[in-house]
Structures are given as structure tokens and as C-alpha cells.
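Peer 1: The structure's right below; bear with me while I get my questions together.
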Amino acid sequence: MDKTVIEFSTSVDELLKSSNQLIALQIKQMMNITRGKCLDVSSDGGQLGIAVAKITDLDVYLYETSELASDRANKRINKQRLGQRVFILPSDAFRIPIENESVDLVVGIRSIWFISNYARSLNEIYRVLAPDGIAYIRVGSSLRNLKKVYDNLEHRVKSRIYKGFVTSRDKLIEQLIQAISETNIKNFKISDEKFGVWILVKKESA
């Protein structure tokens, strides 16, 4: 991997390293869903899903789309002794290997799988959500904080980083609204919060 990309990624990881526990607590307080099935679509080694599992009674399924992420998730599960409640799903680039309407809570942060195709990803998430289920996904990292990282990089590094990493809030929200218009989702909210731009989706009961 290009050294400049590694430098940028490392800076972002350091910036967000301690955020998972805070985000998990925020999700627990906001959604009040502590039992049932949770799906983490972050595909980053299960950090958020494991944090959710530690403070709830949810069974958590980690959707990992790479072997590296799966290996990291497995190590974290074993370290936390959560093998009875946290499970790694087999990788599938287009379809989440979970039954229709079987998940009570979907969470995710920094998911390459999600941002690669918003409409397709939202359709898959909506498919697996149970009636009254909620999805709470961070579409991008905190744009304000990422911009600080980007602005503080040396010019030689900055000039080689794709500026899409620091897409403006308005453009990101516009992209999300367009994607949602291509789905069957009716009940949603997009917000720019402390930890980034989030989308909340609720599946209504029939």
C-alpha cells in the first residue's frame, strides 16, 4: 500500500481509536435495543460490534468482507471471550448472508462495503431488518475531525490523498438522499453528529 495512504489511514485510526465504546454507548442509549440480534456492517474487524456486545445482551453478527478483517475480528472475539455471542459471517460482496427480517439492530462505521454503493447496501440492510428494527450507520467519519487530519498533513502527502475522503457534509447528505430515493425506505433520518454523518433507518411493522 502507498506510504501516503498508510500515513493518512493511521492518523484516522488514531483519531477514532477510542470512539467505538462511546458510539456503542450512544447507540444503546438512543435505540434501547439490548436483546435479540445485532448486525455490524462495518467490515473493519468487529470493533463496534464487539463494543455493543459487551454492554448489551445482543447476539452480534459481524459482516466482514475481507480475510484480514475476519482474522482481526476473530482475535478480538477470543480476547474478550465473546465466542458464545459474537459470530463472523462469511464474506459476500453483494448479499448479507442473513435471513429476511431477522435483525433487530444494524450498526456500522467506516464501512467500505456500505459506501461503495449506498442504494444497494441500504436495500440489503432494509431486507434483513425485522419489523420495528433500526439501522444506525455512520456513513463517514467525523468530517470536521477528518478535515483537521487532512489539513495537518505535510503538503507532499496531502497532494497524493484522494480529497473524497473529506467530502463536504452537504454533498454526502445529497448522495444519501438520492440513494434512499432508489429504495423502499420511508422512515429515515440523516444527521451530522459528534462522531460523523449518520443515517438512521426504521422498518415499520406491517
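Scheme for the C-alpha cells: letters A, B, ... for chains in order shown; per-chain residue numbers from 1; ligand numbers from 1 in order shown.
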So that I can check the surroundings of A:Ser121, please list as an MDAnalysis selection string every protein, DNA and RNA residue that reaches within 10 Å of it, counting only C-alpha atoms and ignoring chain neighbours fewer than 4 positions away.

Peer 2: chainID A and resid 41 94:96 113:117 125:127 179 183

Peer 1: Any chance you can output those residues with N, CA and C atoms as a tab-separated table (two decimals), in the first residue's frame?

Peer 2:
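Final file, again-v3.tsv:
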chain	number	residue	atom	x	y	z
A	41	VAL	N	-22.12	-3.98	10.19
A	41	VAL	CA	-21.68	-4.00	8.79
A	41	VAL	C	-20.42	-3.16	8.56
A	94	PHE	N	-22.09	-8.84	-2.17
A	94	PHE	CA	-23.33	-8.21	-2.60
A	94	PHE	C	-24.54	-8.54	-1.72
A	95	ARG	N	-24.51	-9.67	-1.02
A	95	ARG	CA	-25.67	-10.07	-0.23
A	95	ARG	C	-25.24	-10.48	1.18
A	96	ILE	N	-25.86	-9.86	2.17
A	96	ILE	CA	-25.56	-10.23	3.55
A	96	ILE	C	-26.15	-11.62	3.82
A	113	TRP	N	-17.78	-1.43	2.32
A	113	TRP	CA	-18.89	-2.14	1.66
A	113	TRP	C	-20.08	-1.20	1.51
A	114	PHE	N	-20.39	-0.43	2.54
A	114	PHE	CA	-21.56	0.45	2.50
A	114	PHE	C	-21.36	1.59	1.53
A	115	ILE	N	-20.23	2.28	1.62
A	115	ILE	CA	-20.04	3.47	0.80
A	115	ILE	C	-19.78	3.14	-0.67
A	116	SER	N	-19.45	1.88	-0.97
A	116	SER	CA	-19.19	1.53	-2.36
A	116	SER	C	-20.45	1.59	-3.22
A	117	ASN	N	-21.62	1.43	-2.57
A	117	ASN	CA	-22.89	1.51	-3.29
A	117	ASN	C	-24.00	1.73	-2.26
A	125	ILE	N	-29.62	-3.89	3.93
A	125	ILE	CA	-29.87	-3.63	5.35
A	125	ILE	C	-31.36	-3.65	5.64
A	126	TYR	N	-32.13	-3.02	4.75
A	126	TYR	CA	-33.58	-2.98	4.95
A	126	TYR	C	-34.19	-4.38	4.83
A	127	ARG	N	-33.63	-5.19	3.96
A	127	ARG	CA	-34.13	-6.56	3.79
A	127	ARG	C	-33.98	-7.37	5.07
A	179	ALA	N	-29.69	8.09	-2.90
A	179	ALA	CA	-29.66	6.63	-2.76
A	179	ALA	C	-30.95	6.12	-2.13
A	183	THR	N	-34.66	3.22	-3.07
A	183	THR	CA	-35.02	2.08	-2.23
A	183	THR	C	-36.49	2.20	-1.81

Peer 1: Report the residues of stretch 53-130 of chain A whose backbone DSSP state falls under alpha helix (DSSP H), written as number ranges by chain.

Peer 2: A: 53-55, 67-80, 112-116, 118-128

Peer 1: Go ahead and save the residues from that selection, with N, CA and C atoms, as a compact mmCIF listing (two decimals), in the first residue's frame.

Peer 2:
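What ended up in result07.txt:
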# COMPACT_ATOMS: atom_id res chain seq x y z
N ALA A 53 -21.70 -5.68 22.00
CA ALA A 53 -21.93 -6.95 22.70
C ALA A 53 -21.55 -6.85 24.18
N LYS A 54 -20.49 -6.10 24.47
CA LYS A 54 -20.00 -6.00 25.85
C LYS A 54 -20.95 -5.26 26.78
N ILE A 55 -21.83 -4.41 26.22
CA ILE A 55 -22.71 -3.63 27.10
C ILE A 55 -24.19 -3.97 26.90
N GLU A 67 -10.54 -11.18 4.35
CA GLU A 67 -9.92 -12.18 5.22
C GLU A 67 -9.18 -11.50 6.37
N LEU A 68 -8.53 -10.38 6.07
CA LEU A 68 -7.80 -9.65 7.10
C LEU A 68 -8.74 -9.18 8.20
N ALA A 69 -9.89 -8.60 7.81
CA ALA A 69 -10.85 -8.12 8.80
C ALA A 69 -11.40 -9.28 9.61
N SER A 70 -11.68 -10.41 8.98
CA SER A 70 -12.18 -11.60 9.68
C SER A 70 -11.17 -12.09 10.71
N ASP A 71 -9.90 -12.11 10.33
CA ASP A 71 -8.85 -12.56 11.26
C ASP A 71 -8.76 -11.63 12.46
N ARG A 72 -8.84 -10.34 12.21
CA ARG A 72 -8.78 -9.37 13.32
C ARG A 72 -9.99 -9.52 14.24
N ALA A 73 -11.15 -9.71 13.63
CA ALA A 73 -12.37 -9.89 14.41
C ALA A 73 -12.27 -11.14 15.28
N ASN A 74 -11.78 -12.22 14.71
CA ASN A 74 -11.67 -13.47 15.45
C ASN A 74 -10.75 -13.32 16.66
N LYS A 75 -9.64 -12.61 16.50
CA LYS A 75 -8.71 -12.37 17.61
C LYS A 75 -9.38 -11.54 18.70
N ARG A 76 -10.14 -10.54 18.30
CA ARG A 76 -10.80 -9.68 19.28
C ARG A 76 -11.89 -10.46 20.03
N ILE A 77 -12.62 -11.30 19.32
CA ILE A 77 -13.67 -12.11 19.95
C ILE A 77 -13.05 -13.02 21.00
N ASN A 78 -11.97 -13.68 20.64
CA ASN A 78 -11.31 -14.60 21.57
C ASN A 78 -10.73 -13.85 22.77
N LYS A 79 -10.14 -12.69 22.52
CA LYS A 79 -9.56 -11.90 23.60
C LYS A 79 -10.62 -11.47 24.61
N GLN A 80 -11.79 -11.13 24.13
CA GLN A 80 -12.88 -10.67 25.00
C GLN A 80 -13.74 -11.83 25.50
N ILE A 112 -16.44 0.27 4.03
CA ILE A 112 -16.17 0.36 2.60
C ILE A 112 -17.28 -0.31 1.80
N TRP A 113 -17.78 -1.43 2.32
CA TRP A 113 -18.89 -2.14 1.66
C TRP A 113 -20.08 -1.20 1.51
N PHE A 114 -20.39 -0.43 2.54
CA PHE A 114 -21.56 0.45 2.50
C PHE A 114 -21.36 1.59 1.53
N ILE A 115 -20.23 2.28 1.62
CA ILE A 115 -20.04 3.47 0.80
C ILE A 115 -19.78 3.14 -0.67
N SER A 116 -19.45 1.88 -0.97
CA SER A 116 -19.19 1.53 -2.36
C SER A 116 -20.45 1.59 -3.22
N TYR A 118 -24.33 2.98 -2.01
CA TYR A 118 -25.29 3.31 -0.97
C TYR A 118 -26.64 2.62 -1.17
N ALA A 119 -27.20 2.72 -2.36
CA ALA A 119 -28.54 2.18 -2.59
C ALA A 119 -28.58 0.67 -2.39
N ARG A 120 -27.61 -0.03 -2.97
CA ARG A 120 -27.57 -1.49 -2.82
C ARG A 120 -27.42 -1.88 -1.36
N SER A 121 -26.52 -1.19 -0.65
CA SER A 121 -26.28 -1.51 0.76
C SER A 121 -27.51 -1.24 1.61
N LEU A 122 -28.18 -0.11 1.36
CA LEU A 122 -29.39 0.21 2.12
C LEU A 122 -30.49 -0.81 1.86
N ASN A 123 -30.61 -1.26 0.64
CA ASN A 123 -31.61 -2.29 0.33
C ASN A 123 -31.33 -3.58 1.09
N GLU A 124 -30.06 -3.97 1.16
CA GLU A 124 -29.70 -5.18 1.88
C GLU A 124 -29.98 -5.03 3.38
N ILE A 125 -29.62 -3.89 3.93
CA ILE A 125 -29.87 -3.63 5.35
C ILE A 125 -31.36 -3.65 5.64
N TYR A 126 -32.13 -3.02 4.75
CA TYR A 126 -33.58 -2.98 4.95
C TYR A 126 -34.19 -4.38 4.83
N ARG A 127 -33.63 -5.19 3.96
CA ARG A 127 -34.13 -6.56 3.79
C ARG A 127 -33.98 -7.37 5.07
N VAL A 128 -32.84 -7.26 5.75
CA VAL A 128 -32.60 -8.10 6.93
C VAL A 128 -33.21 -7.52 8.20

Peer 1: Quick one: distance from atom CA of A:Ser42 to atom CA of A:Ala206 in Å, one decimal?

Peer 2: 28.3 Å

Peer 1: Which of these, A:Trp198, A:Leu48, A:Ser43, A:Leu58, has the shortest distance to A:Ser91 once you count only C-alpha atoms?

Peer 2: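 Of A:Trp198, A:Leu48, A:Ser43, A:Leu58, the one nearest A:Ser91, counting only C-alpha atoms, is A:Ser43.
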